[in-house]
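Source file: query.cif; contents: mmCIF, C-alpha atoms.
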```cif
data_coords
#
loop_
_atom_site.group_PDB
_atom_site.id
_atom_site.type_symbol
_atom_site.label_atom_id
_atom_site.label_comp_id
_atom_site.auth_asym_id
_atom_site.auth_seq_id
_atom_site.Cartn_x
_atom_site.Cartn_y
_atom_site.Cartn_z
ATOM 1 C CA MET A 1 0.000 0.000 0.000
ATOM 2 C CA ALA A 2 0.970 3.600 -0.510
ATOM 3 C CA LEU A 3 0.200 6.790 1.369
ATOM 4 C CA LEU A 4 -1.017 10.055 -0.141
ATOM 5 C CA GLU A 5 -0.847 13.406 1.585
ATOM 6 C CA ILE A 6 -3.172 15.792 -0.208
ATOM 7 C CA THR A 7 -4.279 19.362 0.291
ATOM 8 C CA VAL A 8 -7.003 20.715 -2.010
ATOM 9 C CA ILE A 9 -7.624 24.458 -1.942
ATOM 10 C CA PRO A 10 -10.503 25.939 -3.951
ATOM 11 C CA LEU A 11 -9.786 29.522 -5.020
ATOM 12 C CA GLY A 12 -12.082 32.177 -6.412
ATOM 13 C CA THR A 13 -14.889 31.413 -3.981
ATOM 14 C CA ALA A 14 -17.048 33.815 -2.015
ATOM 15 C CA ALA A 15 -16.402 32.149 1.345
ATOM 16 C CA GLY A 16 -13.299 32.957 3.353
ATOM 17 C CA GLY A 17 -13.180 29.617 5.175
ATOM 18 C CA LEU A 18 -12.668 26.184 3.691
ATOM 19 C CA SER A 19 -14.349 23.874 6.205
ATOM 20 C CA ALA A 20 -17.529 23.455 4.126
ATOM 21 C CA TRP A 21 -15.423 22.549 1.092
ATOM 22 C CA ILE A 22 -13.312 20.107 3.094
ATOM 23 C CA ALA A 23 -16.446 18.464 4.511
ATOM 24 C CA GLY A 24 -17.606 17.847 0.936
ATOM 25 C CA LEU A 25 -14.266 16.315 0.026
ATOM 26 C CA GLU A 26 -14.419 14.114 3.117
ATOM 27 C CA THR A 27 -17.758 12.751 1.889
ATOM 28 C CA LEU A 28 -16.010 11.640 -1.319
ATOM 29 C CA LEU A 29 -13.251 10.020 0.702
ATOM 30 C CA GLN A 30 -15.769 8.121 2.825
ATOM 31 C CA ALA A 31 -17.508 6.883 -0.324
ATOM 32 C CA SER A 32 -14.168 5.687 -1.745
ATOM 33 C CA GLY A 33 -13.740 3.163 1.041
ATOM 34 C CA LEU A 34 -10.064 4.079 1.385
ATOM 35 C CA PRO A 35 -8.707 4.644 4.895
ATOM 36 C CA PHE A 36 -7.983 8.335 5.487
ATOM 37 C CA ARG A 37 -7.162 10.746 8.269
ATOM 38 C CA LEU A 38 -7.837 14.469 8.197
ATOM 39 C CA ASN A 39 -5.204 16.705 9.792
ATOM 40 C CA ASP A 40 -4.830 20.454 10.197
ATOM 41 C CA MET A 41 -2.942 20.905 6.925
ATOM 42 C CA GLY A 42 -4.414 18.249 4.649
ATOM 43 C CA THR A 43 -5.468 14.631 4.536
ATOM 44 C CA ILE A 44 -3.583 11.327 4.508
ATOM 45 C CA VAL A 45 -5.120 8.553 2.384
ATOM 46 C CA GLU A 46 -4.014 4.918 2.186
ATOM 47 C CA GLY A 47 -4.352 2.709 -0.903
ATOM 48 C CA SER A 48 -2.644 1.448 -4.016
ATOM 49 C CA ALA A 49 -0.923 4.035 -6.191
ATOM 50 C CA ASP A 50 -3.699 3.679 -8.785
ATOM 51 C CA GLU A 51 -6.386 4.258 -6.154
ATOM 52 C CA LEU A 52 -4.564 7.279 -4.765
ATOM 53 C CA PHE A 53 -4.116 8.954 -8.150
ATOM 54 C CA ALA A 54 -7.793 8.309 -8.896
ATOM 55 C CA ILE A 55 -9.066 9.773 -5.616
ATOM 56 C CA ALA A 56 -6.723 12.769 -5.939
ATOM 57 C CA ARG A 57 -8.228 13.568 -9.337
ATOM 58 C CA LYS A 58 -11.756 13.145 -7.952
ATOM 59 C CA LEU A 59 -11.069 15.496 -5.045
ATOM 60 C CA HIS A 60 -9.469 18.089 -7.321
ATOM 61 C CA GLU A 61 -12.287 17.999 -9.880
ATOM 62 C CA HIS A 62 -15.004 18.070 -7.213
ATOM 63 C CA CYS A 63 -14.111 21.651 -6.321
ATOM 64 C CA PHE A 64 -14.729 22.772 -9.911
ATOM 65 C CA VAL A 65 -18.067 20.957 -9.941
ATOM 66 C CA GLU A 66 -18.979 22.824 -6.753
ATOM 67 C CA GLY A 67 -18.199 26.202 -8.328
ATOM 68 C CA ALA A 68 -14.565 27.019 -7.651
ATOM 69 C CA ALA A 69 -12.972 29.136 -10.358
ATOM 70 C CA ARG A 70 -9.519 27.768 -9.583
ATOM 71 C CA VAL A 71 -8.205 24.804 -7.583
ATOM 72 C CA TYR A 72 -4.731 24.457 -6.096
ATOM 73 C CA THR A 73 -3.858 20.879 -5.131
ATOM 74 C CA VAL A 74 -0.653 19.738 -3.443
ATOM 75 C CA MET A 75 0.044 16.033 -3.078
ATOM 76 C CA LYS A 76 2.832 13.725 -2.015
ATOM 77 C CA ILE A 77 2.817 9.960 -2.473
ATOM 78 C CA ASP A 78 4.983 7.508 -0.558
ATOM 79 C CA ASP A 79 4.731 4.207 -2.430
ATOM 80 C CA ARG A 80 6.770 1.702 -0.458
ATOM 81 C CA ARG A 81 6.796 -1.794 -1.910
ATOM 82 C CA ASP A 82 9.294 -3.581 0.305
ATOM 83 C CA LYS A 83 6.903 -3.723 3.271
ATOM 84 C CA ALA A 84 3.315 -2.929 4.158
ATOM 85 C CA VAL A 85 2.629 0.560 5.489
ATOM 86 C CA SER A 86 -0.504 2.055 6.972
ATOM 87 C CA ILE A 87 -1.624 5.434 8.215
ATOM 88 C CA GLY A 88 0.112 6.144 11.500
ATOM 89 C CA ASP A 89 3.038 3.736 11.020
ATOM 90 C CA LYS A 90 5.587 6.507 10.521
ATOM 91 C CA VAL A 91 4.473 8.399 13.624
ATOM 92 C CA ALA A 92 4.479 5.171 15.640
ATOM 93 C CA SER A 93 8.026 4.424 14.478
ATOM 94 C CA VAL A 94 9.254 7.846 15.615
ATOM 95 C CA GLU A 95 7.456 7.507 18.960
ATOM 96 C CA ALA A 96 8.990 4.069 19.517
ATOM 97 C CA ARG A 97 12.446 5.414 18.740
ATOM 98 C CA LYS A 98 11.943 8.294 21.188
ATOM 99 C CA ALA A 99 10.869 5.839 23.889
ATOM 100 C CA SER A 100 13.923 3.635 23.268
ATOM 101 C CA PRO A 101 16.702 5.832 21.786
ATOM 102 C CA ASP A 102 19.259 2.986 21.876
ATOM 103 C CA LYS A 103 17.685 1.335 18.825
#
```

Could the structure of this file be written out as structure tokens, please?
Amino acid sequence: MALLEITVIPLGTAAGGLSAWIAGLETLLQASGLPFRLNDMGTIVEGSADELFAIARKLHEHCFVEGAARVYTVMKIDDRRDKAVSIGDKVASVEARKASPDK
């Protein structure tokens, strides 16, 4: 599995805040069935690379459908194929290393 970090920002909208837009994007993520976690600066999604590229496109295009004049999307994909990774694994690894610095 791979991890996607994505931030989708609709521009050219009347509203100053983005929470209503993000809530709409979260509905799409829920419908995708892919595990995801919202954070203060974006969203982490877990899936195959193909699934992640597909959901990224869906999220990006959704903002245009909802009336945005411009959409700015930033994404990073970590596609590790030598071992299974899931949301939270990287944070857990750092926390474990902090708890036992000799490793």

Determine the residue membership of the PyMOL selection byres ((chain A and resi 6) around 6) for the file above and supply it as a PyMOL selection string.
chain A and resi 5+7+42-43+74-75

Tell me, in Å to one decimal, how far atom CA of Lys90 of chain A is from atom CA of Lys76 of chain A.
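Taking atom CA of Lys90 of chain A as the start and atom CA of Lys76 of chain A as the end point, the length is 14.7 Å.
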
Identify, on the basis of all atoms listed in the file, every residue whose closest approach to Ala2 of chain A does not exceed 9 Å; exclude the query and any residue fewer than 3 positions from it along the same chain; express the result as a PyMOL selection string.
chain A and resi 45-49+52+77-81+84-86

Apply the PyMOL selection byres ((chain A and resi 67) around 12) to the file shown and report the selected residues as a PyMOL selection string.
chain A and resi 10-15+21+60-66+68-71

With all atoms listed in the file as the counted atoms, please give the residues lying no more than 8 Å from Ile9 of chain A, apart from itself and same-chain residues fewer than 5 positions off, as a PyMOL selection string.
chain A and resi 18+71-73

Given the choices A:Ser19, A:Leu25, A:Asp102, A:Leu3, which gets closest to Leu59 of chain A if the distance is worked out from all atoms listed in the file?
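Comparing A:Ser19, A:Leu25, A:Asp102, A:Leu3 against Leu59 of chain A, the winner is A:Leu25.
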
Any idea what the distance is between atom CA of Leu29 of chain A and atom CA of Ile44 of chain A?
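That distance, rounded to one decimal, is 10.5 Å.
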
Measuring atom to atom with all atoms listed in the file, identify which of A:Met1, A:Val8, A:Met41, A:Ala96 is nearest to Gly24 of chain A.
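Smallest distance to Gly24 of chain A is found for A:Val8.
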
Separation of atom CA of Asp89 of chain A and atom CA of Leu38 of chain A, in Å?
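We find that atom CA of Asp89 of chain A and atom CA of Leu38 of chain A lie 15.5 Å from each other.
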
Using all atoms listed in the file, which of A:Ala23, A:Val91, A:Leu28, A:Ile55 sits nearest Leu4 of chain A?
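Among A:Ala23, A:Val91, A:Leu28, A:Ile55, it is A:Ile55 that comes nearest to Leu4 of chain A.
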
Using all atoms of segment 28-36 of chain A listed in the file and a margin of 3 Å per side, can you give the axis-aligned box centre and edge lengths in Å to one decimal, as AutoDock Vina command-line options?
```
--center_x -12.7 --center_y 7.4 --center_z 1.9 --size_x 15.5 --size_y 14.5 --size_z 13.2
```

Restricting the calculation to all atoms listed in the file: of A:Ala56, A:Ala99, A:Val94, A:Ile87, which residue gets closest to Glu26 of chain A?
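Of the candidates, the smallest distance to Glu26 of chain A is held by A:Ala56.
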
What would segment 15-39 of chain A look like with N, CA and C atoms restored, written as a CSV table (one decimal), in the frame of the given file?
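Saved result, out-v7.csv, follows:
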```csv
chain,number,residue,atom,x,y,z
A,15,ALA,N,-16.6,32.4,-0.1
A,15,ALA,CA,-16.4,32.1,1.3
A,15,ALA,C,-14.9,32.3,1.7
A,16,GLY,N,-14.7,32.8,2.9
A,16,GLY,CA,-13.3,33.0,3.4
A,16,GLY,C,-12.7,31.7,3.9
A,17,GLY,N,-13.6,30.9,4.6
A,17,GLY,CA,-13.2,29.6,5.2
A,17,GLY,C,-13.3,28.5,4.2
A,18,LEU,N,-12.7,27.4,4.6
A,18,LEU,CA,-12.7,26.2,3.7
A,18,LEU,C,-13.4,25.0,4.3
A,19,SER,N,-13.8,25.1,5.5
A,19,SER,CA,-14.3,23.9,6.2
A,19,SER,C,-15.5,23.2,5.5
A,20,ALA,N,-16.4,24.0,4.9
A,20,ALA,CA,-17.5,23.5,4.1
A,20,ALA,C,-17.0,22.7,2.9
A,21,TRP,N,-16.0,23.2,2.3
A,21,TRP,CA,-15.4,22.5,1.1
A,21,TRP,C,-14.8,21.2,1.5
A,22,ILE,N,-14.0,21.3,2.6
A,22,ILE,CA,-13.3,20.1,3.1
A,22,ILE,C,-14.3,19.0,3.5
A,23,ALA,N,-15.4,19.4,4.1
A,23,ALA,CA,-16.4,18.5,4.5
A,23,ALA,C,-17.0,17.7,3.3
A,24,GLY,N,-17.2,18.5,2.2
A,24,GLY,CA,-17.6,17.8,0.9
A,24,GLY,C,-16.6,16.9,0.4
A,25,LEU,N,-15.3,17.2,0.5
A,25,LEU,CA,-14.3,16.3,0.0
A,25,LEU,C,-14.2,15.1,0.9
A,26,GLU,N,-14.4,15.3,2.2
A,26,GLU,CA,-14.4,14.1,3.1
A,26,GLU,C,-15.5,13.1,2.8
A,27,THR,N,-16.7,13.6,2.3
A,27,THR,CA,-17.8,12.8,1.9
A,27,THR,C,-17.3,11.9,0.7
A,28,LEU,N,-16.6,12.4,-0.2
A,28,LEU,CA,-16.0,11.6,-1.3
A,28,LEU,C,-15.0,10.6,-0.8
A,29,LEU,N,-14.2,11.0,0.1
A,29,LEU,CA,-13.3,10.0,0.7
A,29,LEU,C,-14.0,8.9,1.4
A,30,GLN,N,-15.0,9.2,2.1
A,30,GLN,CA,-15.8,8.1,2.8
A,30,GLN,C,-16.4,7.2,1.8
A,31,ALA,N,-16.9,7.7,0.7
A,31,ALA,CA,-17.5,6.9,-0.3
A,31,ALA,C,-16.5,6.0,-1.0
A,32,SER,N,-15.2,6.4,-1.1
A,32,SER,CA,-14.2,5.7,-1.7
A,32,SER,C,-13.8,4.4,-1.0
A,33,GLY,N,-14.1,4.3,0.3
A,33,GLY,CA,-13.7,3.2,1.0
A,33,GLY,C,-12.3,3.1,1.4
A,34,LEU,N,-11.5,4.1,1.0
A,34,LEU,CA,-10.1,4.1,1.4
A,34,LEU,C,-9.9,4.6,2.8
A,35,PRO,N,-9.0,4.1,3.6
A,35,PRO,CA,-8.7,4.6,4.9
A,35,PRO,C,-8.1,6.0,4.7
A,36,PHE,N,-8.5,7.0,5.6
A,36,PHE,CA,-8.0,8.3,5.5
A,36,PHE,C,-8.0,9.0,6.9
A,37,ARG,N,-7.2,10.0,7.0
A,37,ARG,CA,-7.2,10.7,8.3
A,37,ARG,C,-7.0,12.2,7.9
A,38,LEU,N,-7.9,13.0,8.4
A,38,LEU,CA,-7.8,14.5,8.2
A,38,LEU,C,-6.9,15.0,9.2
A,39,ASN,N,-6.1,16.0,8.8
A,39,ASN,CA,-5.2,16.7,9.8
A,39,ASN,C,-5.3,18.2,9.5
```
